[in-house]
Every structure is written in C-alpha cells, then in structure tokens.
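Asker: Sharing a structure below in structure tokens format, with a few things to ask.
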Amino acid sequence: MLKQLSKYTLDITTEKDMHIRVVRSSQATVKVPYITSIEPGPGSSGYVTNVEGVFNRIKHQVEVLRETEEENDAKKKAKNLLKKINRIMSGEESAKLIIEDPTGNSAIISEKAVKGKLVGVKKEEE
C-alpha cells in the first residue's frame with residue numbers, strides 16, 4: 001500500500017513545544033520559515049527526535065557557519081540567527097516547523113500539529 005504524500009505544520013509558541021516528538025524520514029524536508037530548511041540528500045538519514053532536537057541541529061549548523069565565515073556581515077547574520085533560535089527555544093518568540101515528506105513516513109506527533117497533503121510533488125514509481 002502506498003503512503004500519502006504528507007505535510008505537517010506545527011506552530012511553536014511555548015517552551016513546552018520543544019518536547020513534541022518529531023519523526024523525519026530520509027526523504028523529508030524540514031523547514032523553519034525565515035530561518036532555514038533542511039533538504040534531503042543522497043546521504044540523508046531519518047531520525048526520531050523532538051522539536052528541541054531539530055532546533056539543536058539547526059543551531060549547530062549556524063554555529064559552524066559563524067565560525068567558518070570570513071565576512072563580518074555573514075558572521076553578524078549568523079549571530080543574530082542564533083539569538084532568534086534561542087528565543088524560539090525558550091518560548092520568547094514563536095515560529096513554524098514544517099515537515100514535507102513525499103514518502104509519507106514523517107510526522108509531528110502532537111494535537112497541535114496540522115497534517116495536510118503535500119501538493120505539487122510527484123511520487124516516484126516503485
């Protein structure tokens with residue numbers, strides 16, 4: 001049986017939302033609008049974590065970028081992005097977490113999460 005193309009959206013509004021379970025398949029794209037998106041690639045692997053774990057992954061990538069960047073403007077942007085991520089993680093600022101999965105194997109496990117259909121993506125034939 002084929003799984004449905006899926007899209008989950010979660011409004012992160014409190015620090016408690018950091019504990020919501022997230023399941024990401026190796027084919028899923030994770031998006032946090034105005035911050036970043038994590039695209040699947042040939043070496044992608046799926047994982048089970050929580051919202052905090054997703055933000056820690058993003059935070060780590062921004063920290064690496066900040067440390068390796070040579071231009072001051074880019075370093076400043078990375079520093080400001082880290083501040084924004086920390087505010088979201090502490091519940092001081094809200095954000096959206098979106099997972100789009102053409103295989104339908106990903107999920108955000110919470111009553112707050114909104115499940116929808118992923119449109120505009122063709123599923124590969126098996």
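As shown in the structure tokens, the chain order sets the letters A, B, ...; within each chain, residues go from 1, and ligands are also counted from 1 in the order they appear.
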Do you know which residues are at most 6 Å from stretch 20-29 of chain A counting only C-alpha atoms, after dropping those on the same chain fewer than 6 positions away, and could you put them as a list of chain:residue names?
Answerer: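 Answer for this query is A:Ile38, A:Glu39, A:Pro40, A:Ser44, A:Ser45, A:Gly46, A:Tyr47, A:Val48, A:Thr49, A:Asn50, A:Val51, A:Ile99, A:Glu100, A:Asp101, A:Asn105, A:Ser106, A:Ala107, A:Ile108, A:Ile109.
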Asker: Can those selected residues be exported to a file as a JSON list (two decimals), in the first residue's frame so that it contains N, CA and C atoms?
Answerer:
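Output file result_6.json follows:
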[["chain", "number", "residue", "atom", "x", "y", "z"],
["A", 38, "ILE", "N", 16.03, 22.15, 5.83],
["A", 38, "ILE", "CA", 16.95, 21.02, 5.76],
["A", 38, "ILE", "C", 16.44, 20.11, 4.66],
["A", 39, "GLU", "N", 17.17, 20.09, 3.55],
["A", 39, "GLU", "CA", 16.77, 19.33, 2.38],
["A", 39, "GLU", "C", 17.36, 17.92, 2.45],
["A", 40, "PRO", "N", 16.62, 16.93, 1.93],
["A", 40, "PRO", "CA", 17.19, 15.57, 1.89],
["A", 40, "PRO", "C", 18.26, 15.49, 0.80],
["A", 44, "SER", "N", 21.32, 11.42, 3.32],
["A", 44, "SER", "CA", 20.36, 11.73, 4.38],
["A", 44, "SER", "C", 19.92, 10.47, 5.10],
["A", 45, "SER", "N", 19.73, 10.62, 6.39],
["A", 45, "SER", "CA", 19.15, 9.53, 7.16],
["A", 45, "SER", "C", 17.97, 10.08, 7.96],
["A", 46, "GLY", "N", 17.03, 9.21, 8.24],
["A", 46, "GLY", "CA", 15.89, 9.62, 9.03],
["A", 46, "GLY", "C", 16.26, 9.64, 10.50],
["A", 47, "TYR", "N", 15.42, 10.27, 11.30],
["A", 47, "TYR", "CA", 15.65, 10.28, 12.74],
["A", 47, "TYR", "C", 14.36, 10.52, 13.49],
["A", 48, "VAL", "N", 14.38, 10.12, 14.74],
["A", 48, "VAL", "CA", 13.29, 10.41, 15.67],
["A", 48, "VAL", "C", 13.88, 11.29, 16.76],
["A", 49, "THR", "N", 13.27, 12.43, 16.98],
["A", 49, "THR", "CA", 13.78, 13.38, 17.96],
["A", 49, "THR", "C", 12.59, 14.17, 18.49],
["A", 50, "ASN", "N", 12.86, 15.34, 19.04],
["A", 50, "ASN", "CA", 11.78, 16.25, 19.41],
["A", 50, "ASN", "C", 12.09, 17.59, 18.76],
["A", 51, "VAL", "N", 11.19, 18.55, 18.92],
["A", 51, "VAL", "CA", 11.38, 19.86, 18.29],
["A", 51, "VAL", "C", 12.71, 20.48, 18.73],
["A", 99, "ILE", "N", 7.26, 19.94, 8.07],
["A", 99, "ILE", "CA", 7.92, 18.76, 7.53],
["A", 99, "ILE", "C", 7.14, 18.33, 6.30],
["A", 100, "GLU", "N", 7.81, 18.28, 5.17],
["A", 100, "GLU", "CA", 7.20, 17.84, 3.92],
["A", 100, "GLU", "C", 7.86, 16.53, 3.51],
["A", 101, "ASP", "N", 7.05, 15.50, 3.31],
["A", 101, "ASP", "CA", 7.60, 14.18, 3.04],
["A", 101, "ASP", "C", 6.87, 13.50, 1.88],
["A", 105, "ASN", "N", 6.29, 9.13, 5.42],
["A", 105, "ASN", "CA", 6.82, 8.41, 6.59],
["A", 105, "ASN", "C", 7.24, 9.32, 7.74],
["A", 106, "SER", "N", 7.06, 10.62, 7.60],
["A", 106, "SER", "CA", 7.43, 11.56, 8.65],
["A", 106, "SER", "C", 6.19, 12.02, 9.41],
["A", 107, "ALA", "N", 6.41, 12.57, 10.60],
["A", 107, "ALA", "CA", 5.28, 13.05, 11.39],
["A", 107, "ALA", "C", 5.75, 14.01, 12.48],
["A", 108, "ILE", "N", 4.83, 14.87, 12.90],
["A", 108, "ILE", "CA", 4.97, 15.64, 14.13],
["A", 108, "ILE", "C", 3.85, 15.12, 15.01],
["A", 109, "ILE", "N", 4.22, 14.48, 16.11],
["A", 109, "ILE", "CA", 3.24, 13.78, 16.93],
["A", 109, "ILE", "C", 2.74, 14.69, 18.05]]
Asker: With only C-alpha atoms as the counted atoms, please give the residues lying no more than 8 Å from stretch 87-91 of chain A, apart from itself and same-chain residues fewer than 2 positions off, as a PyMOL selection string.
Answerer: chain A and resi 12-16+18+52+55+83-85+93-95
Asker: Using the selection just defined, write its residues with C-alpha atoms as a compact mmCIF listing (two decimals), in the first residue's frame.
Answerer:
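Dumped everything to part16.txt:
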# COMPACT_ATOMS: atom_id res chain seq x y z
CA ILE A 12 5.78 26.69 18.14
CA THR A 13 4.52 29.13 20.75
CA THR A 14 5.86 27.94 24.11
CA GLU A 15 8.94 26.30 25.56
CA LYS A 16 6.83 23.16 26.16
CA MET A 18 10.23 21.82 22.38
CA GLU A 52 14.31 20.85 20.52
CA PHE A 55 16.46 23.24 16.58
CA LYS A 83 19.76 34.74 19.07
CA LYS A 84 16.46 34.19 17.25
CA ILE A 85 16.78 30.39 17.57
CA GLU A 93 9.39 34.03 20.15
CA SER A 94 7.10 31.90 18.01
CA ALA A 95 7.92 30.01 14.81
Asker: Could you pull out the alpha helix (DSSP H) residues of chain A, going by DSSP on the backbone, and write them as a PyMOL selection string?
Answerer: chain A and resi 51-68+72-89
Asker: I need the residues from that last selection saved to file as a tab-separated table (two decimals), in the first residue's frame (with C-alpha atoms), if you can.
Answerer:
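That gives us selection.tsv:
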chain	number	residue	atom	x	y	z
A	51	VAL	CA	11.38	19.86	18.29
A	52	GLU	CA	14.31	20.85	20.52
A	53	GLY	CA	16.48	18.27	18.74
A	54	VAL	CA	15.57	19.75	15.35
A	55	PHE	CA	16.46	23.24	16.58
A	56	ASN	CA	19.72	21.98	18.10
A	57	ARG	CA	20.68	20.56	14.68
A	58	ILE	CA	19.90	23.91	13.05
A	59	LYS	CA	21.73	25.80	15.79
A	60	HIS	CA	24.83	23.64	15.33
A	61	GLN	CA	24.89	24.32	11.57
A	62	VAL	CA	24.58	28.08	12.14
A	63	GLU	CA	27.36	27.97	14.75
A	64	VAL	CA	29.65	26.15	12.29
A	65	LEU	CA	28.78	28.73	9.62
A	66	ARG	CA	29.52	31.58	12.02
A	67	GLU	CA	32.92	30.12	12.94
A	68	THR	CA	33.99	29.39	9.36
A	72	ASN	CA	31.83	40.18	9.16
A	73	ASP	CA	28.33	40.73	7.72
A	74	ALA	CA	27.78	36.97	7.41
A	75	LYS	CA	29.11	36.42	10.93
A	76	LYS	CA	26.73	39.07	12.26
A	77	LYS	CA	23.77	37.47	10.43
A	78	ALA	CA	24.68	34.09	11.92
A	79	LYS	CA	24.95	35.63	15.41
A	80	ASN	CA	21.51	37.25	15.05
A	81	LEU	CA	20.06	33.98	13.75
A	82	LEU	CA	21.42	32.17	16.80
A	83	LYS	CA	19.76	34.74	19.07
A	84	LYS	CA	16.46	34.19	17.25
A	85	ILE	CA	16.78	30.39	17.57
A	86	ASN	CA	17.49	30.71	21.30
A	87	ARG	CA	14.43	32.97	21.74
A	88	ILE	CA	12.25	30.40	19.96
A	89	MET	CA	13.67	27.55	22.05
Asker: Using only C-alpha atoms, which of the listed residues (A:Gly116, A:Tyr8, A:Asp17, A:Pro33) sits closest to A:Lys96?
Answerer: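 Closest residue, counting only C-alpha atoms: A:Pro33.
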Asker: From a backbone DSSP assignment, name each residue in chain A labelled strand (DSSP E), as a VMD selection string.
Answerer: chain A and resid 6 to 12 21 to 24 29 to 32 36 to 38 47 to 50 95 to 101 107 to 109 114 to 117
Asker: Give me, please, the distance in Å between atom CA of A:Gly43 and atom CA of A:Val114, quoted to one decimal.
Answerer: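 Atom-to-atom, atom CA of A:Gly43 and atom CA of A:Val114 are spaced 28.4 Å apart.
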